[in-house]
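target.csv follows; it contains CSV, C-alpha atoms and all ligand atoms.
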chain,number,residue,atom,x,y,z
A,540,MET,CA,-58.9,25.2,-6.2
A,541,ASP,CA,-60.2,28.7,-5.7
A,542,ILE,CA,-62.1,28.2,-2.5
A,543,LYS,CA,-61.7,30.3,0.5
A,544,THR,CA,-61.1,28.3,3.7
A,545,CYS,CA,-59.5,31.0,5.7
A,546,ALA,CA,-61.6,31.7,8.8
A,547,SER,CA,-59.0,32.4,11.4
A,548,GLY,CA,-58.6,30.2,14.5
A,549,SER,CA,-59.7,33.0,16.7
A,550,THR,CA,-62.9,33.5,14.7
A,551,GLU,CA,-63.6,29.8,14.9
A,552,ALA,CA,-62.9,29.7,18.6
A,553,ARG,CA,-65.1,32.7,19.3
A,554,ILE,CA,-68.0,31.2,17.3
A,555,GLU,CA,-67.8,28.0,19.4
A,556,GLU,CA,-67.6,30.0,22.6
A,557,LEU,CA,-70.8,31.9,21.7
A,558,ARG,CA,-72.5,28.6,20.7
A,559,ARG,CA,-71.7,27.2,24.1
A,560,ARG,CA,-72.8,30.4,25.8
A,561,PHE,CA,-76.2,30.4,24.0
A,562,GLY,CA,-76.6,26.7,24.6
A,563,SER,CA,-80.2,25.5,24.0
A,564,ASP,CA,-81.2,29.1,23.1
A,565,LEU,CA,-79.5,28.8,19.7
A,566,VAL,CA,-79.7,26.5,16.7
A,567,ILE,CA,-77.5,27.1,13.6
A,568,LEU,CA,-78.8,25.6,10.4
A,569,GLY,CA,-76.7,25.4,7.2
A,570,HIS,CA,-77.3,24.4,3.6
A,571,HIS,CA,-75.0,21.9,2.0
A,572,TYR,CA,-73.7,24.6,-0.3
A,573,GLN,CA,-72.1,26.5,2.5
A,574,SER,CA,-68.4,26.5,2.8
A,575,ASP,CA,-66.6,24.2,5.3
A,576,ASP,CA,-65.9,27.4,7.4
A,577,ILE,CA,-69.6,27.5,8.1
A,578,VAL,CA,-70.5,23.8,8.0
A,579,ARG,CA,-68.1,23.0,10.9
A,580,HIS,CA,-70.2,25.3,13.2
A,581,VAL,CA,-73.8,24.2,12.3
A,582,ASP,CA,-76.1,22.0,14.3
A,583,ILE,CA,-78.1,20.8,11.3
A,584,VAL,CA,-76.9,20.6,7.7
A,585,GLY,CA,-79.3,19.8,5.0
A,586,ASP,CA,-80.9,20.6,1.7
A,587,SER,CA,-83.8,23.0,1.4
A,588,LEU,CA,-86.5,20.4,2.0
A,589,GLU,CA,-84.7,18.8,5.0
A,590,LEU,CA,-84.1,22.2,6.6
A,591,ALA,CA,-87.7,23.4,6.1
A,592,ARG,CA,-88.9,20.1,7.7
A,593,ARG,CA,-86.7,20.5,10.7
A,594,ILE,CA,-87.9,24.0,11.7
A,595,PRO,CA,-91.2,23.1,13.3
A,596,ASP,CA,-89.3,20.8,15.8
A,597,ILE,CA,-86.8,23.4,16.9
A,598,GLU,CA,-87.4,24.8,20.3
A,599,ALA,CA,-84.5,27.2,20.5
A,600,ARG,CA,-85.4,30.9,20.7
A,601,ASN,CA,-82.8,31.9,18.1
A,602,ILE,CA,-82.4,30.2,14.7
A,603,VAL,CA,-79.4,31.3,12.7
A,604,PHE,CA,-79.8,30.2,9.1
A,605,CYS,CA,-76.7,29.9,7.0
A,606,GLY,CA,-78.0,29.9,3.5
A,607,VAL,CA,-79.7,32.4,1.2
A,608,TYR,CA,-82.5,34.8,1.9
A,609,PHE,CA,-85.5,32.7,0.7
A,610,MET,CA,-84.5,29.9,3.0
A,611,ALA,CA,-84.5,32.2,6.0
A,612,GLU,CA,-87.8,33.6,5.0
A,613,SER,CA,-89.3,30.1,4.8
A,614,ALA,CA,-87.8,29.5,8.3
A,615,CYS,CA,-89.7,32.6,9.5
A,616,LEU,CA,-92.9,31.2,8.2
A,617,LEU,CA,-92.4,27.8,9.9
A,618,ALA,CA,-91.0,29.2,13.2
A,619,ARG,CA,-92.9,29.3,16.4
A,620,PRO,CA,-94.3,32.5,17.9
A,621,GLY,CA,-91.4,34.3,19.7
A,622,GLN,CA,-88.7,32.5,17.8
A,623,ARG,CA,-86.3,34.8,15.9
A,624,VAL,CA,-84.6,33.9,12.6
A,625,PHE,CA,-81.2,35.4,11.6
A,626,LEU,CA,-79.3,35.4,8.3
A,627,PRO,CA,-75.6,36.4,8.6
A,628,ASP,CA,-75.7,38.4,5.4
A,629,HIS,CA,-79.0,39.8,4.0
A,630,GLU,CA,-77.3,40.3,0.6
A,631,ALA,CA,-77.1,36.5,0.2
A,632,ASP,CA,-80.1,36.4,-2.0
A,633,CYS,CA,-80.5,33.5,-4.6
A,634,ALA,CA,-79.9,34.8,-8.1
A,635,MET,CA,-82.7,32.6,-9.4
A,636,ALA,CA,-85.2,33.8,-6.8
A,637,ARG,CA,-84.5,37.3,-8.0
A,638,MET,CA,-85.7,36.4,-11.5
A,639,ALA,CA,-89.3,36.2,-10.5
A,640,ARG,CA,-90.7,39.4,-9.0
A,641,ALA,CA,-94.0,39.1,-7.1
A,642,GLU,CA,-95.7,41.9,-9.0
A,643,ASP,CA,-94.9,40.2,-12.3
A,644,VAL,CA,-96.0,36.8,-11.1
A,645,GLU,CA,-99.3,38.3,-9.9
A,646,ARG,CA,-99.9,40.2,-13.2
A,647,VAL,CA,-99.1,37.1,-15.3
A,648,LEU,CA,-101.4,34.9,-13.2
A,649,GLU,CA,-104.2,37.5,-13.5
A,650,ARG,CA,-103.8,37.7,-17.3
A,651,LEU,CA,-103.6,33.9,-17.7
A,652,SER,CA,-106.7,33.4,-15.6
A,653,ALA,CA,-108.8,36.3,-17.1
A,654,SER,CA,-110.7,34.0,-19.5
A,655,GLY,CA,-111.7,31.6,-16.6
A,656,ARG,CA,-108.9,29.2,-17.3
A,657,LYS,CA,-107.7,27.5,-14.1
A,658,VAL,CA,-103.9,28.1,-13.9
A,659,VAL,CA,-102.3,26.6,-10.8
A,660,PRO,CA,-99.0,28.2,-9.8
A,661,LEU,CA,-96.2,25.9,-8.5
A,662,ALA,CA,-93.2,27.8,-7.1
A,663,TYR,CA,-89.9,26.2,-6.6
A,664,VAL,CA,-88.9,27.0,-3.0
A,665,ASN,CA,-86.1,29.2,-4.5
A,666,SER,CA,-88.5,32.1,-4.6
A,667,SER,CA,-89.2,35.1,-2.4
A,668,LEU,CA,-91.8,35.1,0.3
A,669,ALA,CA,-93.8,37.6,-1.7
A,670,VAL,CA,-94.0,35.2,-4.6
A,671,LYS,CA,-95.0,32.4,-2.3
A,672,ALA,CA,-97.8,34.6,-1.0
A,673,VAL,CA,-99.1,35.2,-4.6
A,674,VAL,CA,-98.9,31.5,-5.3
A,675,GLY,CA,-100.8,30.7,-2.0
A,676,ARG,CA,-103.5,33.2,-3.0
A,677,PHE,CA,-103.9,31.6,-6.4
A,678,GLY,CA,-104.4,28.1,-4.8
A,679,GLY,CA,-100.9,26.9,-5.7
A,680,ALA,CA,-98.0,25.3,-3.7
A,681,VAL,CA,-94.3,25.3,-3.3
A,682,CYS,CA,-92.0,22.4,-4.3
A,683,THR,CA,-88.3,21.6,-3.9
A,684,SER,CA,-86.0,19.6,-6.2
A,685,SER,CA,-86.7,16.5,-4.0
A,686,ASN,CA,-90.5,16.6,-4.5
A,687,ALA,CA,-90.9,18.4,-7.8
A,688,LYS,CA,-92.4,15.3,-9.5
A,689,VAL,CA,-95.0,14.7,-6.8
A,690,MET,CA,-95.9,18.4,-6.6
A,691,LEU,CA,-96.2,18.8,-10.4
A,692,GLU,CA,-98.5,15.8,-10.5
A,693,TRP,CA,-100.5,17.4,-7.7
A,694,ALA,CA,-100.7,20.8,-9.5
A,695,LEU,CA,-101.7,19.2,-12.8
A,696,ALA,CA,-104.6,17.5,-11.1
A,697,GLN,CA,-105.8,20.8,-9.6
A,698,GLY,CA,-106.4,22.7,-12.9
A,699,GLU,CA,-106.1,23.0,-16.6
A,700,SER,CA,-102.5,24.4,-16.7
A,701,VAL,CA,-99.6,24.8,-14.3
A,702,LEU,CA,-97.4,27.9,-14.1
A,703,PHE,CA,-94.0,26.6,-12.9
A,704,LEU,CA,-91.6,29.2,-11.6
A,705,PRO,CA,-89.0,30.5,-11.5
A,706,ASP,CA,-86.8,27.6,-12.8
A,707,ARG,CA,-87.6,26.6,-16.3
A,708,ASN,CA,-85.0,23.8,-16.2
A,709,LEU,CA,-86.4,22.1,-13.1
A,710,GLY,CA,-89.8,22.5,-14.7
A,711,ARG,CA,-88.8,21.0,-18.1
A,712,ASN,CA,-86.8,18.2,-16.4
A,713,THR,CA,-89.7,17.2,-14.2
A,714,ALA,CA,-92.1,17.5,-17.2
A,715,ARG,CA,-90.0,14.9,-19.0
A,716,ILE,CA,-90.2,12.5,-16.1
A,717,LEU,CA,-94.0,12.9,-16.2
A,718,GLY,CA,-94.2,12.5,-20.0
A,719,ILE,CA,-95.6,15.9,-20.7
A,720,PRO,CA,-95.1,16.4,-24.4
A,721,GLU,CA,-92.7,19.2,-25.5
A,722,ASP,CA,-95.5,20.8,-27.5
A,723,LYS,CA,-97.6,21.2,-24.4
A,724,GLN,CA,-94.9,23.2,-22.6
A,725,VAL,CA,-94.0,26.8,-23.3
A,726,VAL,CA,-91.4,29.2,-21.7
A,727,LEU,CA,-93.2,32.5,-21.2
A,728,ASP,CA,-91.7,35.7,-22.6
A,729,ILE,CA,-92.4,37.9,-19.5
A,730,ALA,CA,-90.4,40.9,-20.9
A,731,ARG,CA,-92.6,41.1,-24.0
A,732,ASP,CA,-95.7,40.2,-22.1
A,733,ASN,CA,-97.1,38.1,-25.0
A,734,LEU,CA,-99.4,35.8,-23.1
A,735,ASP,CA,-102.2,35.6,-25.6
A,736,THR,CA,-100.4,33.4,-28.2
A,737,PRO,CA,-102.0,30.1,-29.2
A,738,GLU,CA,-99.0,28.3,-27.7
A,739,VAL,CA,-99.5,29.9,-24.3
A,740,GLN,CA,-103.3,29.4,-24.5
A,741,GLY,CA,-102.9,25.7,-25.4
A,742,ALA,CA,-100.0,24.8,-23.0
A,743,ARG,CA,-100.4,22.4,-20.1
A,744,LEU,CA,-97.2,23.6,-18.6
A,745,LEU,CA,-96.2,27.3,-18.5
A,746,LEU,CA,-92.6,27.9,-17.5
A,747,TRP,CA,-91.2,31.1,-16.0
A,748,PRO,CA,-88.0,32.0,-17.8
A,749,GLY,CA,-85.7,31.8,-14.8
A,750,CYS,CA,-82.7,29.6,-14.1
A,751,CYS,CA,-79.8,29.0,-11.7
A,752,PRO,CA,-76.8,30.7,-13.2
A,753,ILE,CA,-74.5,28.2,-11.5
A,754,HIS,CA,-76.2,25.1,-12.8
A,755,GLU,CA,-77.1,26.5,-16.2
A,756,SER,CA,-74.1,28.5,-17.3
A,757,PHE,CA,-71.3,26.4,-15.9
A,758,MET,CA,-72.5,22.9,-16.6
A,759,LYS,CA,-72.7,22.1,-20.3
A,760,PRO,CA,-73.5,19.1,-22.4
A,761,ASP,CA,-70.0,18.7,-23.8
A,762,MET,CA,-68.6,18.4,-20.3
A,763,VAL,CA,-70.8,15.4,-19.7
A,764,ASP,CA,-69.6,13.9,-23.0
A,765,ALA,CA,-66.0,14.5,-22.1
A,766,PHE,CA,-66.4,12.7,-18.8
A,767,HIS,CA,-68.0,9.7,-20.5
A,768,ARG,CA,-65.2,9.6,-23.0
A,769,HIS,CA,-62.5,9.7,-20.3
A,770,PHE,CA,-64.3,7.3,-17.9
A,771,PRO,CA,-66.3,4.8,-20.1
A,772,GLY,CA,-69.1,3.2,-18.1
A,773,CYS,CA,-68.9,5.7,-15.3
A,774,ARG,CA,-71.8,7.8,-14.3
A,775,VAL,CA,-72.6,11.5,-14.3
A,776,LEU,CA,-75.2,12.7,-11.9
A,777,VAL,CA,-76.5,16.3,-11.8
A,778,HIS,CA,-78.9,18.6,-10.0
A,779,PRO,CA,-82.1,19.1,-12.1
A,780,GLU,CA,-81.4,22.9,-12.2
A,781,CYS,CA,-79.1,21.9,-15.0
A,782,SER,CA,-80.5,22.3,-18.5
A,783,PRO,CA,-82.5,19.4,-20.0
A,784,GLU,CA,-79.7,19.2,-22.7
A,785,VAL,CA,-77.3,18.3,-19.9
A,786,VAL,CA,-79.7,16.1,-17.9
A,787,GLU,CA,-80.6,14.0,-21.0
A,788,ARG,CA,-76.9,13.0,-21.4
A,789,CYS,CA,-76.5,12.1,-17.8
A,790,ASP,CA,-77.0,8.9,-15.9
A,791,GLY,CA,-79.2,10.5,-13.2
A,792,ALA,CA,-80.5,13.8,-12.0
A,793,GLY,CA,-81.9,14.6,-8.5
A,794,SER,CA,-81.9,16.9,-5.5
A,795,THR,CA,-78.9,17.6,-3.3
A,796,ALA,CA,-80.1,14.8,-1.0
A,797,TYR,CA,-80.2,12.4,-3.9
A,798,LEU,CA,-76.6,13.3,-5.0
A,799,ILE,CA,-75.3,12.8,-1.5
A,800,LYS,CA,-77.0,9.5,-1.2
A,801,GLU,CA,-75.7,8.2,-4.6
A,802,ALA,CA,-72.2,9.2,-3.7
A,803,GLU,CA,-72.4,7.3,-0.4
A,804,LYS,CA,-73.8,4.2,-2.2
A,805,ALA,CA,-71.1,4.3,-4.9
A,806,ALA,CA,-68.4,4.7,-2.3
A,807,ALA,CA,-69.7,1.8,-0.2
A,808,GLU,CA,-70.0,-0.5,-3.2
A,809,GLY,CA,-66.7,0.5,-4.6
A,810,LYS,CA,-67.5,-0.8,-8.1
A,811,GLU,CA,-67.1,2.4,-10.1
A,812,ALA,CA,-63.7,3.9,-11.0
A,813,ALA,CA,-65.1,7.4,-10.9
A,814,LEU,CA,-68.4,9.3,-10.3
A,815,CYS,CA,-69.0,12.7,-11.8
A,816,ILE,CA,-71.3,15.1,-9.9
A,817,GLY,CA,-72.7,18.3,-11.3
A,818,THR,CA,-73.8,20.7,-8.6
A,819,GLU,CA,-72.5,23.5,-6.5
A,820,PHE,CA,-68.8,22.9,-5.8
A,821,HIS,CA,-68.6,23.4,-2.0
A,822,LEU,CA,-70.8,20.3,-1.7
A,823,VAL,CA,-69.0,18.3,-4.4
A,824,ARG,CA,-65.6,19.1,-2.8
A,825,ARG,CA,-66.9,17.9,0.6
A,826,LEU,CA,-68.1,14.6,-1.1
A,827,MET,CA,-64.7,14.2,-2.8
A,828,GLU,CA,-63.0,14.5,0.6
A,829,ARG,CA,-65.5,12.4,2.5
A,830,HIS,CA,-65.1,9.5,0.0
A,831,ALA,CA,-61.5,9.8,-0.9
A,832,GLY,CA,-59.8,6.4,-1.2
A,833,ARG,CA,-63.1,4.7,-1.8
A,834,ILE,CA,-64.3,6.4,-5.0
A,835,ASN,CA,-62.9,9.1,-7.2
A,836,ILE,CA,-65.5,11.8,-7.2
A,837,ILE,CA,-65.1,14.4,-10.0
A,838,PRO,CA,-66.9,17.7,-10.2
A,839,LEU,CA,-68.6,18.4,-13.6
A,840,ALA,CA,-67.6,22.1,-13.0
A,841,GLN,CA,-65.9,23.9,-10.2
A,842,ALA,CA,-68.8,26.4,-9.9
A,843,THR,CA,-69.6,27.9,-6.5
A,844,CYS,CA,-72.7,30.0,-5.6
A,845,ALA,CA,-71.6,33.5,-4.9
A,846,ASP,CA,-74.7,34.2,-2.9
A,847,MET,CA,-74.1,31.2,-0.6
A,848,GLU,CA,-70.5,32.4,-0.2
A,849,LYS,CA,-71.6,35.7,1.2
A,850,VAL,CA,-72.2,33.9,4.5
A,851,THR,CA,-68.7,33.9,5.9
A,852,ALA,CA,-67.4,32.8,9.3
A,853,GLU,CA,-66.7,36.5,10.1
A,854,ARG,CA,-70.4,37.4,9.4
A,855,LEU,CA,-71.6,34.4,11.3
A,856,LEU,CA,-69.5,35.6,14.3
A,857,ALA,CA,-70.8,39.2,13.9
A,858,THR,CA,-74.4,37.8,13.9
A,859,LEU,CA,-73.8,35.8,17.1
A,860,GLU,CA,-72.2,38.7,18.8
A,861,GLY,CA,-75.1,40.9,18.0
A,862,LEU,CA,-77.8,38.3,18.5
A,863,GLU,CA,-79.4,40.0,21.6
A,864,GLU,CA,-79.7,43.3,19.7
A,865,GLY,CA,-81.2,41.5,16.7
A,866,ARG,CA,-78.3,42.0,14.3
A,867,GLY,CA,-79.0,40.1,11.1
A,868,GLU,CA,-82.6,39.2,12.1
A,869,VAL,CA,-85.0,38.5,9.3
A,870,HIS,CA,-88.4,40.2,9.4
A,871,VAL,CA,-91.1,39.2,7.1
A,872,ASP,CA,-94.2,41.2,6.1
A,873,GLU,CA,-97.0,40.0,8.4
A,874,ALA,CA,-99.6,40.4,5.7
A,875,LEU,CA,-97.8,38.0,3.5
A,876,LYS,CA,-97.3,35.3,6.1
A,877,ALA,CA,-100.7,33.6,5.9
A,878,PRO,CA,-100.9,33.1,2.1
A,879,ALA,CA,-97.2,32.2,1.8
A,880,ARG,CA,-97.5,29.7,4.6
A,881,GLU,CA,-100.5,28.1,2.8
A,882,SER,CA,-98.4,27.4,-0.2
A,883,LEU,CA,-95.6,25.9,1.9
A,884,VAL,CA,-98.0,23.9,4.0
A,885,ARG,CA,-99.6,22.4,0.9
A,886,MET,CA,-96.2,21.1,0.0
A,887,LEU,CA,-95.4,19.7,3.4
A,888,GLU,CA,-98.8,18.0,3.6
A,889,ASN,CA,-98.5,16.4,0.1
A,890,CYS,CA,-95.0,15.1,0.9
A,891,ARG,CA,-95.2,13.8,4.5
B,901,LIG,P1,-81.9,21.9,-2.8
B,901,LIG,O1,-83.4,22.1,-2.9
B,901,LIG,O2,-81.5,20.6,-3.5
B,901,LIG,O3,-81.4,22.1,-1.5
B,901,LIG,O4,-81.2,23.0,-3.8
B,901,LIG,C1,-81.3,24.3,-3.4
B,901,LIG,C2,-80.5,25.1,-4.3
B,901,LIG,O5,-80.4,26.3,-4.2
B,901,LIG,C3,-80.0,24.5,-5.5
B,901,LIG,O6,-79.2,25.3,-6.2
B,902,LIG,FE1,-79.8,30.1,-6.1
B,902,LIG,FE2,-78.3,28.7,-7.8
B,902,LIG,FE3,-77.2,29.7,-5.6
B,902,LIG,FE4,-78.9,27.6,-5.5
B,902,LIG,S1,-76.9,27.6,-6.5
B,902,LIG,S2,-78.9,29.4,-4.2
B,902,LIG,S3,-80.4,28.2,-7.1
B,902,LIG,S4,-78.1,30.9,-7.3

Could you render the structure as structure tokens?
Ligand code: 13P
Ligand code: SF4
Amino acid sequence: MDIKTCASGSTEARIEELRRRFGSDLVILGHHYQSDDIVRHVDIVGDSLELARRIPDIEARNIVFCGVYFMAESACLLARPGQRVFLPDHEADCAMARMARAEDVERVLERLSASGRKVVPLAYVNSSLAVKAVVGRFGGAVCTSSNAKVMLEWALAQGESVLFLPDRNLGRNTARILGIPEDKQVVLDIARDNLDTPEVQGARLLLWPGCCPIHESFMKPDMVDAFHRHFPGCRVLVHPECSPEVVERCDGAGSTAYLIKEAEKAAAEGKEAALCIGTEFHLVRRLMERHAGRINIIPLAQATCADMEKVTAERLLATLEGLEEGRGEVHVDEALKAPARESLVRMLENCR
């Protein structure tokens, strides 16, 4: 297994010493995709929805977010005045989020709405703060993989069409659950800018051409078939960032929280010989270890997120050592805060 679990004892001890020293002045949050080197030091581990929901209740002055850039930006939006948010490596920026640039999203929305058509943008939380601000200005909202169905229903009720971005896979997988016909969906060709075609004009669901390289490139339909052949009757569960061609062969698809819960249920029931899980490997490996002896959890692919891996124990330590001087602090553009917060709050209000 090609996973680094090499934080030295002294790094670990020093992080713990600083955590003790900061006491209630510090909360460390970590996404489930973080390595064990990080997860062992966090106060709250969760998926993106859970972590966003926890921010408003945090009283500590310093929030260190172990995840990727858009998550820390969302934390800045939800933090209290005077609270500071830190990300141990600012280069940890979700590859999918980088596929939708705010200026392109704004241009496309302006073009699509030019004829008076009401196009409601729905941004997966894996998008930059600047994109969320554009979405907020156009009356749209944010969603996560846990609430994409509820939020897509909401967005469809607000206008004639929905622009779902940046993840075309989550968009298509959610559209299938809601029964939106394939011929009412179109993946936009942003590079060629051909937004005036009859397909685009007639579509109910417009999809941005982004994806998660981890879930799309490493998890393939034939892998699902191979598991089913080797373990007849056993289930494959995947994250909905996988392609629809993978999801349709699987026995279930859902958010990180769903995958964790299903693994727990299967381990408690002990009825299945094996359970295959298709998502980021740091999380799958943790589930394999947690449930060893009760159920055989098998990864669909051993794919780790290189952006999440940029947050190392050494960088977490450097952030804590430089906390007072603001090392690793995330600053967001004040002008973008209000419209971006609007899009995020619309989600939180619709999914209480
Ligand atoms: P969750 O919304 O399930 O936390 O997923 C975040 C993510 O980056 C998935 O690749
Ligand atoms: Fe982004 Fe994919 Fe990494 Fe999640 S796993 S943070 S979507 S690149």

Just want the 9 Å neighbourhood of Gln841 in chain A, counted on all atoms listed in the file, with same-chain residues fewer than 3 positions away dropped. Output as an mmCIF file with C-alpha atoms, in the coordinates of the input.
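Output file around.cif follows:
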data_model
loop_
_atom_site.group_PDB
_atom_site.id
_atom_site.type_symbol
_atom_site.label_atom_id
_atom_site.label_comp_id
_atom_site.auth_asym_id
_atom_site.auth_seq_id
_atom_site.Cartn_x
_atom_site.Cartn_y
_atom_site.Cartn_z
ATOM 1 C CA MET A 540 -58.900 25.200 -6.200
ATOM 2 C CA ASP A 541 -60.200 28.700 -5.700
ATOM 3 C CA PHE A 757 -71.300 26.400 -15.900
ATOM 4 C CA GLY A 817 -72.700 18.300 -11.300
ATOM 5 C CA THR A 818 -73.800 20.700 -8.600
ATOM 6 C CA GLU A 819 -72.500 23.500 -6.500
ATOM 7 C CA PHE A 820 -68.800 22.900 -5.800
ATOM 8 C CA HIS A 821 -68.600 23.400 -2.000
ATOM 9 C CA VAL A 823 -69.000 18.300 -4.400
ATOM 10 C CA ARG A 824 -65.600 19.100 -2.800
ATOM 11 C CA PRO A 838 -66.900 17.700 -10.200
#

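Going from CA of Leu826 in chain A over to CA of Gln573 in chain A, you cover 13.1 Å.
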
Can you tell me which residues sit at most 9 Å away from ligand LIG 901 (chain B), counting only C-alpha atoms and all ligand atoms, written as a VMD selection string?
-> chain A and resid 570 to 572 585 to 590 606 to 607 633 635 663 to 665 682 to 685 751 753 to 754 778 to 780 793 to 798 818 to 819 844 847

Could you turn the residues from that selection into a file that holds C-alpha atoms, as a compact mmCIF listing (two decimals), in the coordinates of the input?
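Now in part25.txt:
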# COMPACT_ATOMS: atom_id res chain seq x y z
CA HIS A 570 -77.30 24.40 3.60
CA HIS A 571 -75.00 21.90 2.00
CA TYR A 572 -73.70 24.60 -0.30
CA GLY A 585 -79.30 19.80 5.00
CA ASP A 586 -80.90 20.60 1.70
CA SER A 587 -83.80 23.00 1.40
CA LEU A 588 -86.50 20.40 2.00
CA GLU A 589 -84.70 18.80 5.00
CA LEU A 590 -84.10 22.20 6.60
CA GLY A 606 -78.00 29.90 3.50
CA VAL A 607 -79.70 32.40 1.20
CA CYS A 633 -80.50 33.50 -4.60
CA MET A 635 -82.70 32.60 -9.40
CA TYR A 663 -89.90 26.20 -6.60
CA VAL A 664 -88.90 27.00 -3.00
CA ASN A 665 -86.10 29.20 -4.50
CA CYS A 682 -92.00 22.40 -4.30
CA THR A 683 -88.30 21.60 -3.90
CA SER A 684 -86.00 19.60 -6.20
CA SER A 685 -86.70 16.50 -4.00
CA CYS A 751 -79.80 29.00 -11.70
CA ILE A 753 -74.50 28.20 -11.50
CA HIS A 754 -76.20 25.10 -12.80
CA HIS A 778 -78.90 18.60 -10.00
CA PRO A 779 -82.10 19.10 -12.10
CA GLU A 780 -81.40 22.90 -12.20
CA GLY A 793 -81.90 14.60 -8.50
CA SER A 794 -81.90 16.90 -5.50
CA THR A 795 -78.90 17.60 -3.30
CA ALA A 796 -80.10 14.80 -1.00
CA TYR A 797 -80.20 12.40 -3.90
CA LEU A 798 -76.60 13.30 -5.00
CA THR A 818 -73.80 20.70 -8.60
CA GLU A 819 -72.50 23.50 -6.50
CA CYS A 844 -72.70 30.00 -5.60
CA MET A 847 -74.10 31.20 -0.60

Nearest-residue call for Asp575 in chain A, choices A:Glu787, A:Glu551, A:Glu864, A:Glu556, using only C-alpha atoms = A:Glu551

Near range 674-676 of chain A, within 6 Å and counting only C-alpha atoms, which residues show up once chain neighbours fewer than 5 positions away are dropped, as a ChimeraX atom specification?
-> /A:660,878-879,881-882

Kindly indicate which residue among A:Val581, A:Leu887, A:Ala611, A:Cys815 lies nearest to ligand LIG 902 (chain B), using all atoms listed in the file for the distances.
-> A:Ala611

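Candidate residues A:Glu828, A:Glu853, A:Glu888, A:Asp761 were compared for distance to Ala552 in chain A, and the nearest is A:Glu853, using only C-alpha atoms.
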
Test item: residues at most 12 Å from Arg891 in chain A, all atoms listed in the file, excluding those fewer than 6 positions along its chain, as a short mmCIF file (atom, residue, chain, number, x, y, z; two decimals) with C-alpha atoms, in the coordinates of the input:
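Okay, this is what ended up in part-v8.cif:
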data_model
loop_
_atom_site.label_atom_id
_atom_site.label_comp_id
_atom_site.auth_asym_id
_atom_site.auth_seq_id
_atom_site.Cartn_x
_atom_site.Cartn_y
_atom_site.Cartn_z
CA LEU A 588 -86.50 20.40 2.00
CA GLU A 589 -84.70 18.80 5.00
CA ARG A 592 -88.90 20.10 7.70
CA ASN A 686 -90.50 16.60 -4.50
CA VAL A 689 -95.00 14.70 -6.80
CA VAL A 884 -98.00 23.90 4.00
CA ARG A 885 -99.60 22.40 0.90
#

Give me the residues within 9 Å of Glu642 in chain A as a PyMOL selection string, counting only C-alpha atoms and dropping any in the same chain fewer than 5 places off.
-> chain A and resi 647+669-670+673

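Between Gly772 in chain A and the candidates A:Ala877, A:Leu814, A:Val726, A:Ala687, the tightest atom-to-atom separation, counting all atoms listed in the file, involves A:Leu814.
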
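Considering the residues A:Val681, A:Val658, A:Met638, A:Ile719 and counting all atoms listed in the file, Ala591 in chain A has its shortest atom-to-atom contact with A:Val681.
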
Using all atoms listed in the file, pick whichever of A:Ile837, A:Ala807, A:Ile554, A:Leu565 has the shortest atom-to-atom distance to Glu863 in chain A.
-> A:Leu565

Give me the residues within 12 Å of Val785 in chain A as a PyMOL selection string, counting all atoms listed in the file and dropping any in the same chain fewer than 5 places off.
-> chain A and resi 708-709+711-712+754-764+775-780+790-792+817+839
